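Undergrad: See final.txt below, with compact mmCIF, C-alpha atoms.
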```txt
# COMPACT_ATOMS: atom_id res chain seq x y z
CA MET A 23 2.75 24.68 -42.21
CA GLN A 24 5.60 22.42 -41.09
CA ARG A 25 5.58 19.01 -42.69
CA THR A 26 6.58 16.16 -40.42
CA ILE A 27 6.77 12.38 -40.29
CA VAL A 28 6.18 10.25 -37.19
CA VAL A 29 7.71 6.78 -37.04
CA LYS A 30 7.69 4.19 -34.30
CA GLY A 31 10.96 2.39 -33.75
CA THR A 32 11.01 -1.08 -32.23
CA GLY A 33 13.97 -2.25 -30.19
CA LYS A 34 14.60 -5.95 -29.60
CA VAL A 35 17.14 -7.64 -27.33
CA SER A 36 17.62 -11.32 -26.46
CA LEU A 37 19.43 -12.23 -23.24
CA LYS A 38 20.59 -15.46 -21.64
CA PRO A 39 19.63 -15.68 -17.95
CA ASP A 40 22.57 -15.52 -15.57
CA ARG A 41 20.72 -15.14 -12.27
CA ILE A 42 18.16 -17.18 -10.34
CA GLU A 43 15.57 -15.71 -8.00
CA LEU A 44 13.52 -17.74 -5.53
CA ASP A 45 10.29 -16.06 -4.45
CA LEU A 46 9.09 -17.57 -1.17
CA ARG A 47 5.76 -17.07 0.59
CA MET A 48 5.37 -18.25 4.20
CA ARG A 49 2.09 -18.25 6.13
CA ALA A 50 1.68 -18.74 9.88
CA LEU A 51 -1.83 -19.22 11.33
CA ASP A 52 -2.88 -18.92 14.95
CA LYS A 53 -6.00 -17.79 16.80
CA GLU A 54 -3.97 -15.25 18.76
CA TYR A 55 -2.41 -12.29 16.95
CA ARG A 56 0.79 -12.35 18.98
CA ALA A 57 1.17 -16.12 18.63
CA SER A 58 0.77 -15.83 14.85
CA MET A 59 3.53 -13.22 14.75
CA GLU A 60 5.78 -15.36 16.93
CA LYS A 61 5.17 -18.39 14.74
CA GLY A 62 6.02 -16.32 11.65
CA ALA A 63 9.26 -15.20 13.30
CA LEU A 64 10.07 -18.84 14.13
CA TYR A 65 9.51 -19.83 10.50
CA LEU A 66 11.76 -17.06 9.26
CA GLY A 67 14.51 -17.88 11.73
CA ASP A 68 14.43 -21.55 10.77
CA LEU A 69 14.54 -20.73 7.06
CA ARG A 70 17.52 -18.42 7.55
CA GLU A 71 19.31 -21.12 9.54
CA LYS A 72 18.67 -23.78 6.87
CA LEU A 73 19.97 -21.47 4.14
CA LYS A 74 23.03 -20.62 6.23
CA GLU A 75 23.78 -24.32 6.69
CA ALA A 76 23.53 -24.72 2.90
CA GLY A 77 26.22 -22.06 2.44
CA PHE A 78 24.08 -19.03 1.58
CA ASN A 79 24.52 -15.53 2.92
CA THR A 80 21.26 -14.93 4.80
CA ASP A 81 21.57 -11.19 4.16
CA ASP A 82 20.67 -12.03 0.55
CA LEU A 83 17.21 -13.15 1.72
CA LYS A 84 15.14 -9.99 1.28
CA THR A 85 11.60 -9.26 2.44
CA THR A 86 9.36 -8.18 -0.45
CA ASN A 87 6.08 -8.06 1.46
CA PHE A 88 4.83 -8.55 5.02
CA ASN A 89 1.32 -8.37 6.46
CA VAL A 90 -0.99 -9.88 9.06
CA GLU A 91 -4.61 -10.56 8.14
CA ARG A 92 -7.68 -11.73 10.02
CA TYR A 93 -8.93 -15.03 8.53
CA SER A 94 -12.48 -16.40 8.62
CA GLU A 95 -14.18 -19.39 7.05
CA TYR A 96 -17.79 -19.68 5.95
CA ASP A 97 -19.92 -22.12 7.95
CA SER A 98 -22.54 -23.39 5.48
CA LYS A 99 -24.67 -24.94 8.25
CA LYS A 100 -24.91 -21.79 10.33
CA ARG A 101 -24.70 -19.58 7.24
CA GLU A 102 -22.18 -17.31 8.80
CA TYR A 103 -18.45 -16.67 8.83
CA ARG A 104 -16.45 -18.25 11.62
CA PHE A 105 -13.28 -16.61 12.87
CA VAL A 106 -10.31 -18.96 12.44
CA GLY A 107 -7.32 -16.86 13.40
CA TYR A 108 -4.64 -14.52 12.14
CA TYR A 109 -2.42 -15.21 9.14
CA THR A 110 1.08 -13.79 9.25
CA ASN A 111 2.16 -13.57 5.59
CA HIS A 112 5.83 -13.11 4.75
CA SER A 113 7.09 -12.90 1.16
CA LEU A 114 10.84 -13.12 0.57
CA ARG A 115 13.28 -13.30 -2.31
CA LEU A 116 16.62 -15.09 -2.52
CA GLY A 117 18.83 -14.26 -5.51
CA PHE A 118 22.09 -15.86 -6.65
CA ASP A 119 24.17 -16.51 -9.77
CA PHE A 120 22.85 -19.07 -12.25
CA ASP A 121 24.15 -22.36 -10.92
CA THR A 122 22.15 -25.61 -10.83
CA GLU A 123 24.11 -26.87 -7.83
CA LEU A 124 23.28 -23.70 -5.87
CA LEU A 125 19.65 -24.03 -6.94
CA SER A 126 19.53 -27.61 -5.67
CA LYS A 127 21.02 -26.57 -2.33
CA ALA A 128 18.59 -23.68 -2.00
CA LEU A 129 15.57 -25.89 -2.72
CA ASP A 130 16.78 -28.53 -0.28
CA ALA A 131 17.13 -25.86 2.41
CA VAL A 132 13.70 -24.41 1.69
CA SER A 133 11.91 -27.77 1.60
CA ASN A 134 13.56 -28.83 4.87
CA SER A 135 12.46 -25.70 6.72
CA VAL A 136 9.48 -25.96 9.07
CA SER A 137 7.57 -23.29 7.08
CA ASP A 138 7.61 -25.26 3.77
CA PRO A 139 6.81 -22.06 1.82
CA GLU A 140 5.27 -21.72 -1.61
CA THR A 141 8.19 -21.39 -3.99
CA ASP A 142 8.52 -19.77 -7.41
CA ILE A 143 11.76 -19.97 -9.37
CA ARG A 144 12.44 -17.21 -11.88
CA PHE A 145 15.36 -16.62 -14.21
CA THR A 146 16.71 -13.16 -14.93
CA VAL A 147 19.97 -11.24 -15.45
CA LYS A 148 22.26 -9.47 -12.99
CA ASP A 149 22.73 -6.37 -15.15
CA LYS A 150 19.30 -4.93 -15.86
CA GLU A 151 20.40 -1.46 -17.01
CA SER A 152 22.53 -2.33 -20.05
CA PRO A 153 19.67 -4.20 -21.82
CA LYS A 154 17.42 -1.15 -21.35
CA GLU A 155 20.02 1.08 -22.99
CA GLU A 156 20.52 -1.41 -25.81
CA LEU A 157 16.77 -1.54 -26.40
CA LEU A 158 16.53 2.23 -26.77
CA ARG A 159 19.49 2.38 -29.15
CA SER A 160 17.96 -0.42 -31.20
CA ALA A 161 14.59 1.37 -31.29
CA ALA A 162 16.20 4.62 -32.40
CA ALA A 163 18.15 2.89 -35.19
CA ASP A 164 15.01 1.06 -36.33
CA ALA A 165 12.96 4.27 -36.47
CA ARG A 166 15.67 6.11 -38.38
CA LYS A 167 15.92 3.32 -40.95
CA LYS A 168 12.15 3.24 -41.45
CA ALA A 169 11.99 7.01 -41.79
CA GLU A 170 14.76 7.08 -44.39
CA ILE A 171 13.04 4.37 -46.46
CA LEU A 172 9.69 6.16 -46.32
CA THR A 173 11.06 9.58 -47.23
CA GLU A 174 13.17 8.20 -50.06
CA ALA A 175 10.19 6.33 -51.47
CA SER A 176 8.06 9.47 -51.17
CA GLY A 177 10.58 11.77 -52.89
CA VAL A 178 11.24 13.95 -49.85
CA LYS A 179 14.16 14.35 -47.47
CA LEU A 180 14.44 13.76 -43.75
CA GLY A 181 15.08 16.95 -41.80
CA GLU A 182 15.74 17.72 -38.16
CA LEU A 183 14.45 15.51 -35.35
CA VAL A 184 11.78 17.57 -33.59
CA ASN A 185 10.24 15.22 -30.99
CA ILE A 186 10.73 11.90 -29.16
CA ASN A 187 7.85 10.23 -27.33
CA TYR A 188 8.62 7.37 -24.96
CA ASP A 189 6.68 5.72 -22.14
CA TRP A 190 9.12 5.09 -19.30
CA GLY A 191 7.46 1.89 -18.05
CA GLU A 192 9.12 -0.97 -16.19
CA LEU A 193 10.41 -3.84 -18.30
CA ASN A 194 9.78 -7.43 -17.29
CA ILE A 195 13.33 -8.77 -17.55
CA TYR A 196 12.53 -12.39 -16.77
CA SER A 197 12.56 -15.60 -18.76
CA ARG A 198 9.21 -17.11 -19.72
CA THR A 199 10.39 -20.25 -17.93
CA VAL A 200 8.89 -20.19 -14.43
CA TYR A 201 8.75 -23.01 -11.89
CA GLU A 202 5.99 -22.87 -9.28
CA ASP A 203 5.72 -25.17 -6.27
CA ARG A 204 2.24 -25.27 -4.73
CA ALA A 205 2.76 -28.45 -2.67
CA PHE A 206 1.65 -28.24 0.95
CA GLY A 207 2.32 -30.91 3.53
CA GLY A 208 3.53 -33.32 0.86
CA GLU A 209 6.87 -34.29 -0.57
CA PRO A 210 7.77 -31.80 -3.34
CA MET A 211 11.36 -32.95 -3.77
CA LEU A 212 10.64 -35.01 -6.89
CA ALA A 213 9.22 -31.99 -8.71
CA LYS A 214 12.10 -29.87 -7.49
CA SER A 215 14.73 -32.32 -8.68
CA VAL A 216 13.19 -32.27 -12.15
CA ALA A 217 13.53 -28.50 -12.19
CA MET A 218 17.31 -28.87 -11.96
CA ASP A 219 17.46 -30.01 -15.58
CA VAL A 220 15.49 -27.05 -16.93
CA VAL A 221 17.34 -24.80 -19.35
CA PRO A 222 15.39 -21.53 -19.24
CA ASP A 223 14.29 -19.72 -22.38
CA ASP A 224 16.20 -16.66 -23.43
CA ILE A 225 14.75 -13.39 -22.21
CA ASP A 226 13.24 -11.62 -25.22
CA LEU A 227 12.73 -7.91 -24.65
CA CYS A 228 10.87 -5.51 -26.91
CA ASP A 229 10.17 -1.78 -26.58
CA THR A 230 8.91 1.03 -28.81
CA VAL A 231 9.72 4.72 -29.15
CA SER A 232 8.02 7.31 -31.38
CA PHE A 233 10.16 9.81 -33.29
CA MET A 234 9.07 12.88 -35.26
CA TRP A 235 11.21 14.40 -38.00
CA GLU A 236 10.81 17.49 -40.08
CA LEU A 237 10.40 16.91 -43.85
CA VAL A 238 12.39 19.10 -46.25
```
Would you kindly transcribe this structure into structure tokens?
TA:
Amino acid sequence: MQRTIVVKGTGKVSLKPDRIELDLRMRALDKEYRASMEKGALYLGDLREKLKEAGFNTDDLKTTNFNVERYSEYDSKKREYRFVGYYTNHSLRLGFDFDTELLSKALDAVSNSVSDPETDIRFTVKDKESPKEELLRSAAADARKKAEILTEASGVKLGELVNINYDWGELNIYSRTVYEDRAFGGEPMLAKSVAMDVVPDDIDLCDTVSFMWELV
């Protein structure tokens, strides 16, 4: 019977954010379906124009989700739902290099648009592939080191590598620092100006891989 040892290697990488992403969610409500769509298109056009005036390339504003939903509200007196209209929901993302001046311009443009969308600011990195490779190399080195210590302490020797088990899941390559703006119809500029001074946390990534070696 073949004797084996299975060891989990843990890879760790710490990255400094070098890219900012603005996630924007616009909602247009109207009783008529077509009018709701037209209002949503007006909002989008105005937002693109405001960003263009601020010096951004509007092609960098990408749609991440789009849908139209029927909206009703509950009437407690009549004890029934009352049709209000149609919501046109448009989620977009604007990404650019880490630059507080660019961030300020982007937020000014967004807040001055007629849509006044919900805004989340996230911090990430431009190169997302290299950290993944570094994580796997780190995990492999960690597993090898652990295996060598265990076999040496047990009086056996490490043989051939016979199996690698890895779950190819998506990594969340974002800083824990997140700014969310949920202001509607108010003046969110004070909160946004404070965000300019935020230095985001490093992005700490961790991943595990299981290795199996033969014992000799």
Undergrad: Write out as a PyMOL selection string the residues lying within 12 Å of Asp81 of chain A, counting all atoms listed in the file and excluding same-chain residues fewer than 4 positions away.
TA: chain A and resi 70-71+73-74+77+85+114-118
Undergrad: List every residue of segment 157-196 of chain A that has an atom at most 8 Å from any atom of segment 230-235 of chain A, giving for each one its closest atom pair and the distance in Å to one decimal, counting all atoms listed in the file, sorted by chain and then by ascending residue number, as CSV.
TA:
```
residue,atom,partner,partner_atom,distance
A:Leu158,CA,A:Val231,CA,7.6
A:Ala161,CA,A:Thr230,CA,6.2
A:Ala162,CA,A:Val231,CA,7.3
A:Ala165,CA,A:Phe233,CA,7.0
A:Leu180,CA,A:Trp235,CA,6.6
A:Gly181,CA,A:Trp235,CA,6.0
A:Glu182,CA,A:Trp235,CA,5.6
A:Leu183,CA,A:Trp235,CA,4.3
A:Val184,CA,A:Trp235,CA,5.5
A:Asn185,CA,A:Met234,CA,5.0
A:Ile186,CA,A:Phe233,CA,4.7
A:Asn187,CA,A:Ser232,CA,5.0
A:Tyr188,CA,A:Val231,CA,5.1
A:Asp189,CA,A:Val231,CA,7.7
```
Undergrad: Rank nothing, just name the residue among A:Ser98, A:Thr86, A:Gln24, A:Ser58 nearest to Asp45 of chain A, using only C-alpha atoms.
TA: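 The answer is A:Thr86, which sits nearest to Asp45 of chain A.
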Undergrad: Tell me which protein, DNA and RNA residues are within 10 Å of Ser135 of chain A, counting all atoms listed in the file, leaving out same-chain ones fewer than 2 positions away, and put them as a list in words.
TA: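 The residues satisfying every condition are Tyr65, Leu66, Gly67, Asp68, Leu69, Arg70, Glu71, Lys72, Leu73, Leu129, Asp130, Ala131, Val132, Ser133, Ser137, Asp138 and Pro139 of chain A.
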Undergrad: Next, dump the selected residues to file, keeping only C-alpha atoms, as a compact mmCIF listing (two decimals), keeping the file's coordinate frame.
TA:
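The result, written out as result_29.txt:
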```
# COMPACT_ATOMS: atom_id res chain seq x y z
CA TYR A 65 9.51 -19.83 10.50
CA LEU A 66 11.76 -17.06 9.26
CA GLY A 67 14.51 -17.88 11.73
CA ASP A 68 14.43 -21.55 10.77
CA LEU A 69 14.54 -20.73 7.06
CA ARG A 70 17.52 -18.42 7.55
CA GLU A 71 19.31 -21.12 9.54
CA LYS A 72 18.67 -23.78 6.87
CA LEU A 73 19.97 -21.47 4.14
CA LEU A 129 15.57 -25.89 -2.72
CA ASP A 130 16.78 -28.53 -0.28
CA ALA A 131 17.13 -25.86 2.41
CA VAL A 132 13.70 -24.41 1.69
CA SER A 133 11.91 -27.77 1.60
CA SER A 137 7.57 -23.29 7.08
CA ASP A 138 7.61 -25.26 3.77
CA PRO A 139 6.81 -22.06 1.82
```
Undergrad: I'd like the neighbourhood of Asp164 of chain A as number ranges by chain, where a residue qualifies if any of its atoms comes within 9 Å (using all atoms listed in the file), though same-chain residues fewer than 2 positions away should be ignored.
TA: A: 30-33, 159-162, 166-169
Undergrad: Using atom CA of Lys34 of chain A and atom CA of Lys154 of chain A as the two end points, give the distance in Å to one decimal.
TA: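 So the answer is 10.0 Å.
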